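Okay, model.cif now, which holds mmCIF, C-alpha atoms and all ligand atoms:
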data_protein
loop_
_atom_site.label_atom_id
_atom_site.label_comp_id
_atom_site.auth_asym_id
_atom_site.auth_seq_id
_atom_site.Cartn_x
_atom_site.Cartn_y
_atom_site.Cartn_z
CA MET Y 37 0.00 0.00 0.00
CA THR Y 38 1.39 3.40 -0.91
CA ALA Y 39 1.60 6.14 1.71
CA GLU Y 40 -1.33 7.84 0.02
CA SER Y 41 -3.61 4.79 0.02
CA ALA Y 42 -2.70 4.06 3.64
CA GLU Y 43 -3.82 7.58 4.49
CA THR Y 44 -6.99 7.54 2.43
CA GLY Y 45 -8.05 3.92 2.95
CA GLN Y 46 -9.17 1.63 0.12
CA GLY Y 47 -11.86 3.25 -1.99
CA SER Y 48 -12.14 6.13 0.44
CA LYS Y 49 -11.94 9.84 -0.35
CA GLY Y 50 -9.69 10.22 2.72
CA THR Y 51 -9.64 9.95 6.48
CA ILE Y 52 -11.41 12.50 8.68
CA ARG Y 53 -10.18 12.35 12.27
CA VAL Y 54 -12.80 13.30 14.85
CA LEU Y 55 -11.80 13.98 18.44
CA GLN Y 56 -14.36 13.80 21.24
CA LEU Y 57 -13.37 15.93 24.23
CA TYR Y 58 -13.79 14.48 27.71
CA PRO Y 59 -16.40 11.78 26.93
CA ARG Y 60 -15.80 10.28 30.42
CA ASP Y 61 -16.83 13.42 32.32
CA MET Y 62 -18.72 15.52 29.78
CA ASN Y 63 -21.28 13.36 28.04
CA ILE Y 64 -24.87 13.68 29.22
CA TYR Y 65 -28.29 13.30 27.58
CA GLY Y 66 -26.76 11.21 24.83
CA ASP Y 67 -24.16 13.72 23.65
CA TRP Y 68 -21.97 10.76 22.63
CA GLY Y 69 -24.52 10.34 19.83
CA ASN Y 70 -23.04 13.40 18.12
CA ALA Y 71 -19.74 11.57 17.64
CA LEU Y 72 -21.59 8.50 16.33
CA VAL Y 73 -23.55 10.58 13.81
CA LEU Y 74 -20.35 12.18 12.56
CA LYS Y 75 -18.76 8.75 12.19
CA GLN Y 76 -21.74 7.41 10.21
CA ARG Y 77 -22.18 10.46 7.99
CA ILE Y 78 -18.44 10.68 7.24
CA SER Y 79 -18.73 7.08 5.94
CA TRP Y 80 -21.90 7.88 3.97
CA HIS Y 81 -20.05 10.76 2.31
CA GLY Y 82 -17.37 8.29 1.21
CA TYR Y 83 -14.63 9.26 3.66
CA THR Y 84 -13.07 7.13 6.40
CA PRO Y 85 -13.93 8.22 9.94
CA GLU Y 86 -11.43 7.89 12.72
CA LEU Y 87 -12.93 8.48 16.16
CA LEU Y 88 -10.59 9.48 18.98
CA GLU Y 89 -11.27 10.31 22.61
CA TYR Y 90 -9.49 12.79 24.81
CA ASN Y 91 -9.95 12.49 28.58
CA VAL Y 92 -8.25 14.20 31.54
CA GLY Y 93 -4.53 13.36 31.52
CA ASP Y 94 -4.43 11.97 27.98
CA GLU Y 95 -1.92 13.01 25.38
CA PHE Y 96 -3.55 15.42 22.94
CA PRO Y 97 -3.57 13.75 19.52
CA ALA Y 98 -2.01 15.38 16.46
CA GLY Y 99 -3.76 15.87 13.15
CA VAL Y 100 -7.29 16.35 14.44
CA ASP Y 101 -9.77 17.46 11.73
CA LEU Y 102 -12.96 17.94 13.75
CA ILE Y 103 -13.68 18.33 17.47
CA VAL Y 104 -16.85 17.57 19.38
CA GLY Y 105 -17.58 17.99 23.09
CA GLY Y 106 -20.63 17.39 25.26
CA GLY Y 107 -22.40 18.66 28.31
CA GLY Y 108 -21.86 17.80 31.93
CA GLN Y 109 -22.97 18.36 35.48
CA ASP Y 110 -21.25 21.19 37.36
CA SER Y 111 -19.25 18.40 39.07
CA GLY Y 112 -17.97 17.11 35.71
CA GLN Y 113 -16.99 20.65 34.73
CA LEU Y 114 -15.01 20.96 37.98
CA ILE Y 115 -13.23 17.65 37.29
CA ILE Y 116 -12.01 18.72 33.84
CA GLN Y 117 -11.26 22.39 34.55
CA ASP Y 118 -7.51 22.13 35.23
CA ASP Y 119 -6.86 19.78 32.35
CA LEU Y 120 -8.93 21.97 30.02
CA GLN Y 121 -6.87 25.00 31.03
CA SER Y 122 -3.71 23.07 30.20
CA ARG Y 123 -5.12 22.51 26.68
CA ALA Y 124 -6.46 26.06 26.24
CA GLY Y 125 -3.61 27.22 23.99
CA ARG Y 126 -3.94 24.24 21.68
CA LEU Y 127 -7.73 24.42 21.43
CA LYS Y 128 -7.69 28.18 20.81
CA GLU Y 129 -5.07 27.74 18.11
CA LEU Y 130 -7.18 25.07 16.40
CA ALA Y 131 -10.35 27.18 16.62
CA GLU Y 132 -8.58 30.31 15.30
CA ASP Y 133 -7.16 28.25 12.46
CA GLY Y 134 -10.70 27.23 11.42
CA THR Y 135 -10.99 23.69 12.75
CA PRO Y 136 -14.69 22.76 12.83
CA MET Y 137 -15.92 22.18 16.37
CA LEU Y 138 -19.23 21.43 18.05
CA VAL Y 139 -19.49 22.11 21.77
CA ILE Y 140 -22.64 21.42 23.75
CA CYS Y 141 -23.91 22.92 27.00
CA GLY Y 142 -21.24 22.31 29.68
CA LEU Y 143 -18.36 22.54 27.19
CA TYR Y 144 -20.05 25.46 25.42
CA GLN Y 145 -19.91 27.27 28.77
CA LEU Y 146 -16.25 26.35 29.32
CA PHE Y 147 -15.29 27.38 25.77
CA GLY Y 148 -16.42 30.80 26.97
CA ARG Y 149 -14.73 33.09 29.50
CA PHE Y 150 -16.11 31.47 32.67
CA PHE Y 151 -19.04 29.69 34.26
CA LYS Y 152 -20.00 30.91 37.71
CA THR Y 153 -22.08 28.11 39.19
CA HIS Y 154 -25.28 28.70 41.16
CA LEU Y 155 -23.18 28.12 44.30
CA GLY Y 156 -20.85 30.98 43.32
CA THR Y 157 -17.86 28.85 42.26
CA VAL Y 158 -16.13 30.34 39.25
CA ILE Y 159 -14.93 27.74 36.75
CA PRO Y 160 -12.63 29.51 34.30
CA GLY Y 161 -13.18 28.84 30.62
CA ILE Y 162 -10.71 28.94 27.73
CA ALA Y 163 -12.24 31.99 26.01
CA VAL Y 164 -12.41 30.52 22.54
CA LEU Y 165 -15.85 32.14 22.59
CA ASP Y 166 -16.65 35.65 23.76
CA VAL Y 167 -19.41 34.53 26.16
CA GLU Y 168 -19.90 34.29 29.90
CA THR Y 169 -22.23 32.18 31.96
CA HIS Y 170 -23.87 32.73 35.33
CA GLY Y 171 -25.59 29.89 37.16
CA THR Y 172 -28.99 30.59 38.70
CA ASP Y 173 -31.32 28.61 40.95
CA GLU Y 174 -33.73 28.16 38.07
CA ARG Y 175 -33.06 25.25 35.74
CA LEU Y 176 -34.04 25.75 32.12
CA ILE Y 177 -35.44 22.40 31.02
CA GLY Y 178 -37.38 21.21 28.00
CA ASN Y 179 -37.62 20.89 24.25
CA VAL Y 180 -36.28 23.69 22.09
CA LYS Y 181 -36.84 24.90 18.55
CA VAL Y 182 -34.37 27.40 17.13
CA ALA Y 183 -34.65 29.40 13.92
CA THR Y 184 -31.21 29.70 12.29
CA ASP Y 185 -30.02 31.26 9.02
CA GLU Y 186 -27.35 28.64 8.43
CA PHE Y 187 -28.98 25.34 9.38
CA GLY Y 188 -32.73 25.97 9.11
CA GLU Y 189 -34.81 24.93 12.11
CA VAL Y 190 -32.63 23.36 14.82
CA LEU Y 191 -34.30 21.00 17.29
CA GLY Y 192 -33.12 19.67 20.64
CA TYR Y 193 -33.50 19.48 24.40
CA GLU Y 194 -32.04 21.77 27.06
CA ASN Y 195 -31.31 21.29 30.77
CA HIS Y 196 -29.03 23.87 32.37
CA SER Y 197 -28.79 26.26 35.29
CA GLY Y 198 -26.23 28.46 33.58
CA GLN Y 199 -27.43 31.49 31.65
CA THR Y 200 -25.07 32.60 28.91
CA THR Y 201 -24.60 36.11 27.54
CA LEU Y 202 -22.90 36.69 24.20
CA GLY Y 203 -20.21 39.34 23.77
CA PRO Y 204 -19.55 41.23 20.52
CA GLY Y 205 -16.95 38.65 19.39
CA VAL Y 206 -19.55 35.96 18.61
CA ARG Y 207 -22.96 35.75 16.98
CA ALA Y 208 -25.89 33.62 18.10
CA LEU Y 209 -26.60 30.29 16.47
CA GLY Y 210 -30.22 31.41 16.19
CA THR Y 211 -33.33 32.65 17.96
CA THR Y 212 -35.59 30.41 20.01
CA ALA Y 213 -39.07 29.70 18.69
CA LYS Y 214 -39.75 27.29 21.59
CA GLY Y 215 -37.77 26.94 24.82
CA THR Y 216 -35.19 29.27 26.32
CA GLY Y 217 -31.69 28.77 24.91
CA ASN Y 218 -28.82 30.92 26.15
CA ASN Y 219 -30.71 32.81 28.84
CA SER Y 220 -34.18 33.79 29.94
CA SER Y 221 -34.00 37.33 28.57
CA ASP Y 222 -32.79 37.74 24.98
CA GLY Y 223 -34.36 34.84 23.04
CA GLN Y 224 -31.05 33.74 21.55
CA GLU Y 225 -29.60 30.26 21.44
CA GLY Y 226 -26.02 29.07 21.00
CA ALA Y 227 -23.00 30.83 19.58
CA ARG Y 228 -21.07 30.86 16.32
CA TYR Y 229 -17.43 31.85 15.87
CA LYS Y 230 -15.26 30.89 12.86
CA ASN Y 231 -16.11 27.18 12.40
CA VAL Y 232 -17.11 26.63 16.03
CA VAL Y 233 -20.77 25.82 16.65
CA ALA Y 234 -21.85 26.04 20.29
CA SER Y 235 -25.29 25.11 21.56
CA TYR Y 236 -27.23 24.23 24.68
CA LEU Y 237 -29.08 21.51 22.82
CA HIS Y 238 -28.79 17.86 23.72
CA GLY Y 239 -30.97 15.10 22.49
CA SER Y 240 -28.44 14.39 21.02
CA LEU Y 241 -28.25 17.32 18.63
CA LEU Y 242 -26.78 15.88 15.42
CA PRO Y 243 -29.15 12.92 14.79
CA LYS Y 244 -31.97 15.45 14.49
CA ASN Y 245 -29.93 18.16 12.80
CA PRO Y 246 -27.89 16.59 9.98
CA ALA Y 247 -27.37 20.03 8.41
CA ILE Y 248 -25.03 20.86 11.29
CA ALA Y 249 -23.25 17.50 11.02
CA ASP Y 250 -22.70 18.04 7.29
CA PHE Y 251 -21.41 21.58 7.85
CA LEU Y 252 -18.77 20.18 10.23
CA ILE Y 253 -17.83 17.35 7.88
CA ARG Y 254 -17.76 19.59 4.77
CA THR Y 255 -15.54 22.09 6.56
CA ALA Y 256 -13.18 19.37 7.78
CA ALA Y 257 -12.93 17.85 4.28
CA GLU Y 258 -12.40 21.18 2.52
CA ARG Y 259 -9.65 22.13 4.96
CA LYS Y 260 -7.89 18.82 4.61
CA PHE Y 261 -8.42 17.90 0.95
CA GLY Y 262 -9.26 21.27 -0.62
CA THR Y 263 -12.68 20.02 -1.67
CA PHE Y 264 -15.71 18.17 -0.31
CA GLU Y 265 -17.48 15.62 -2.46
CA PRO Y 266 -20.73 14.73 -0.73
CA GLY Y 267 -22.11 11.20 -0.80
CA ALA Y 268 -25.73 10.15 -0.43
CA PRO Y 269 -26.57 9.94 3.28
CA ASP Y 270 -29.63 7.96 4.34
CA ASP Y 271 -31.71 10.65 6.07
CA ARG Y 272 -34.87 8.59 6.72
CA PHE Y 273 -34.31 8.34 10.46
CA ALA Y 274 -33.19 11.95 10.74
CA VAL Y 275 -36.43 13.06 9.06
CA LEU Y 276 -38.51 10.91 11.43
CA ALA Y 277 -36.55 12.14 14.46
CA ARG Y 278 -37.10 15.76 13.39
CA GLU Y 279 -40.84 15.23 12.89
CA HIS Y 280 -41.11 13.62 16.30
CA ALA Y 281 -39.00 16.27 18.06
CA ALA Y 282 -40.90 19.13 16.43
CA ARG Y 283 -44.20 17.75 17.78
CA ARG Y 284 -43.00 17.52 21.38
CA PRO Y 285 -44.45 20.06 23.81
CA ARG Y 286 -42.04 22.37 25.59
N1 LIG V 1 -23.70 22.20 34.56
C1 LIG V 1 -24.08 23.17 33.58
C2 LIG V 1 -25.37 23.85 33.93
O1 LIG V 1 -26.16 23.33 34.68
C3 LIG V 1 -24.18 22.49 32.23
C4 LIG V 1 -25.31 21.53 32.16
C5 LIG V 1 -25.32 20.67 30.92
O2 LIG V 1 -24.29 20.45 30.29
N2 LIG V 1 -26.46 20.10 30.60
O3 LIG V 1 -25.63 24.93 33.43
#
Can you give me the file's structure in the form of structure tokens?
Amino acid sequence: MTAESAETGQGSKGTIRVLQLYPRDMNIYGDWGNALVLKQRISWHGYTPELLEYNVGDEFPAGVDLIVGGGGQDSGQLIIQDDLQSRAGRLKELAEDGTPMLVICGLYQLFGRFFKTHLGTVIPGIAVLDVETHGTDERLIGNVKVATDEFGEVLGYENHSGQTTLGPGVRALGTTAKGTGNNSSDGQEGARYKNVVASYLHGSLLPKNPAIADFLIRTAAERKFGTFEPGAPDDRFAVLAREHAARRPR
């Protein structure tokens, strides 16, 4: 096998390496499903997925094409905080360089400047995103519908005590048509910066929102290979999941 075919795999358009951040401590409400959707859709598009995990204390892998991270309890966020700080430089560099990333809820908060929990503990973030989060005694729980310019209607489920405010360095993912999103005052949900997509939505998010999955994959492929040649994904279950999610009451 030549070096090139070893890299691309037999009959594959190339390998896309997906890194999941802290799946041991930050992985609630099925957020692991986001990594599985990326793996499946990368295959459907004719590329070879390689799924890697990064947990506290691990060596940070080289050559990562796409990063995904989930939500967690405040306790999980406390467990990872020091390790995350030690990786701040690397993650910021990757984000600034345009690496596609999806961060959900607890990691969305910690990709911001800080999360002050409802008990008053300040967990510093890595400031990839110009946002800050303040915990309250009210939990925001339920199904969410978000109107977005980039990805159409985004559907998911939220459960968080933190309320996030966006600074001028980011834009919102969208505006909430059902549910709360970032906070109980401005009707916005999630954040967008470069190729980073941040959202409060679990469910998991990507099985119901393949447009976001394909944005991440397309961006990863274009960055690595200069072009993205889409395949023919089987969206039957995604369509059913969206119909079902859209019908759910708040
Ligand atoms: N612990 C954070 C909060 O309650 C994040 C929760 C989550 O990831 N679902 O706001």
List all protein, DNA and RNA residues that have an atom no more than 10 Å from any atom of ligand LIG 1 (chain V), counting all atoms listed in the file, and report them as a PyMOL selection string. chain Y and resi 62-65+67+106-114+139-146+151-154+169-177+193-200+218+235-238
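Distance annotation: of Y:Ala124, Y:Leu87, Y:Ala227, Y:Val73, the residue with the minimal separation from Val100 (chain Y) is Y:Leu87; atom set is all atoms listed in the file.
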From the list Y:Glu279, Y:Asp166, Y:Glu186, Y:Asp270, which residue is nearest His81 (chain Y) when using only C-alpha atoms?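 Closest candidate: Y:Asp270.
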Q: Give as a ChimeraX atom specification each residue that has an atom at most 12 Å from (-28.3, 18.0, 16.6) in the file, counting all atoms listed in the file.
A: /Y:65-74,104,106,138-140,180-182,187-194,233-252,274,277-278,281
Nearest to Trp80 (chain Y) by atom-to-atom distance, counting all atoms listed in the file, from Y:Ile253, Y:Ile159, Y:Ala213, Y:Leu102
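Comparing Y:Ile253, Y:Ile159, Y:Ala213, Y:Leu102 against Trp80 (chain Y), the winner is Y:Ile253.
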Practice problem: Select, counting all atoms listed in the file, all protein, DNA and RNA residues no farther than 12 Å from (-8.5, 19.5, 33.6) in file coordinates, and express the selection as a PyMOL selection string. | Solution: chain Y and resi 57-58+61-62+90-94+112-124+146+159-162
Residues from the last selection, C-alpha atoms, saved as a PDB file, keeping the file's coordinate frame:
ATOM      1  CA  LEU Y  57     -13.370  15.930  24.230  1.00  0.00           C
ATOM      2  CA  TYR Y  58     -13.790  14.480  27.710  1.00  0.00           C
ATOM      3  CA  ASP Y  61     -16.830  13.420  32.320  1.00  0.00           C
ATOM      4  CA  MET Y  62     -18.720  15.520  29.780  1.00  0.00           C
ATOM      5  CA  TYR Y  90      -9.490  12.790  24.810  1.00  0.00           C
ATOM      6  CA  ASN Y  91      -9.950  12.490  28.580  1.00  0.00           C
ATOM      7  CA  VAL Y  92      -8.250  14.200  31.540  1.00  0.00           C
ATOM      8  CA  GLY Y  93      -4.530  13.360  31.520  1.00  0.00           C
ATOM      9  CA  ASP Y  94      -4.430  11.970  27.980  1.00  0.00           C
ATOM     10  CA  GLY Y 112     -17.970  17.110  35.710  1.00  0.00           C
ATOM     11  CA  GLN Y 113     -16.990  20.650  34.730  1.00  0.00           C
ATOM     12  CA  LEU Y 114     -15.010  20.960  37.980  1.00  0.00           C
ATOM     13  CA  ILE Y 115     -13.230  17.650  37.290  1.00  0.00           C
ATOM     14  CA  ILE Y 116     -12.010  18.720  33.840  1.00  0.00           C
ATOM     15  CA  GLN Y 117     -11.260  22.390  34.550  1.00  0.00           C
ATOM     16  CA  ASP Y 118      -7.510  22.130  35.230  1.00  0.00           C
ATOM     17  CA  ASP Y 119      -6.860  19.780  32.350  1.00  0.00           C
ATOM     18  CA  LEU Y 120      -8.930  21.970  30.020  1.00  0.00           C
ATOM     19  CA  GLN Y 121      -6.870  25.000  31.030  1.00  0.00           C
ATOM     20  CA  SER Y 122      -3.710  23.070  30.200  1.00  0.00           C
ATOM     21  CA  ARG Y 123      -5.120  22.510  26.680  1.00  0.00           C
ATOM     22  CA  ALA Y 124      -6.460  26.060  26.240  1.00  0.00           C
ATOM     23  CA  LEU Y 146     -16.250  26.350  29.320  1.00  0.00           C
ATOM     24  CA  ILE Y 159     -14.930  27.740  36.750  1.00  0.00           C
ATOM     25  CA  PRO Y 160     -12.630  29.510  34.300  1.00  0.00           C
ATOM     26  CA  GLY Y 161     -13.180  28.840  30.620  1.00  0.00           C
ATOM     27  CA  ILE Y 162     -10.710  28.940  27.730  1.00  0.00           C
TER      28      ILE Y 162
END
Nearest-residue call for Asp185 (chain Y), choices Y:Thr51, Y:Asn231, Y:Thr211, Y:Gln224, using all atoms listed in the file: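 Residue with the minimum atom-to-atom distance to Asp185 (chain Y): Y:Thr211.
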Using CA of Ala257 (chain Y) and CA of Asp101 (chain Y) as the two end points, give the distance in Å to one decimal.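 Spanning CA of Ala257 (chain Y) to CA of Asp101 (chain Y) is a straight-line distance of 8.1 Å.
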**Prompt:** So what do you get for CA of Tyr83 (chain Y) versus CA of Glu265 (chain Y), distance-wise?
**Reply:**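 These two atoms are separated by 9.3 Å.
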Residue with smallest distance to Gly210 (chain Y) - pool Y:Thr184, Y:Asp271, Y:Lys230, Y:Leu130, counting all atoms listed in the file: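 Answer, going by the shortest atom-to-atom distance: Y:Thr184.
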task: Calculate how many Å separate CA of Lys75 (chain Y) from CA of Gly134 (chain Y), rounding to one decimal.
output: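 Between CA of Lys75 (chain Y) and CA of Gly134 (chain Y) the gap works out to 20.2 Å.
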Of Y:Glu168, Y:Thr201, Y:Phe264, Y:Ala256, the one sitting nearest Pro85 (chain Y) when using only C-alpha atoms is Y:Ala256
How big is the axis-aligned box around all listed atoms of region 227-235 of chain Y once 8 Å goes on each side, and where's its centre, in Å to one decimal, as AutoDock Vina command-line options?
--center_x -20.3 --center_y 28.5 --center_z 17.0 --size_x 26.0 --size_y 22.7 --size_z 25.2
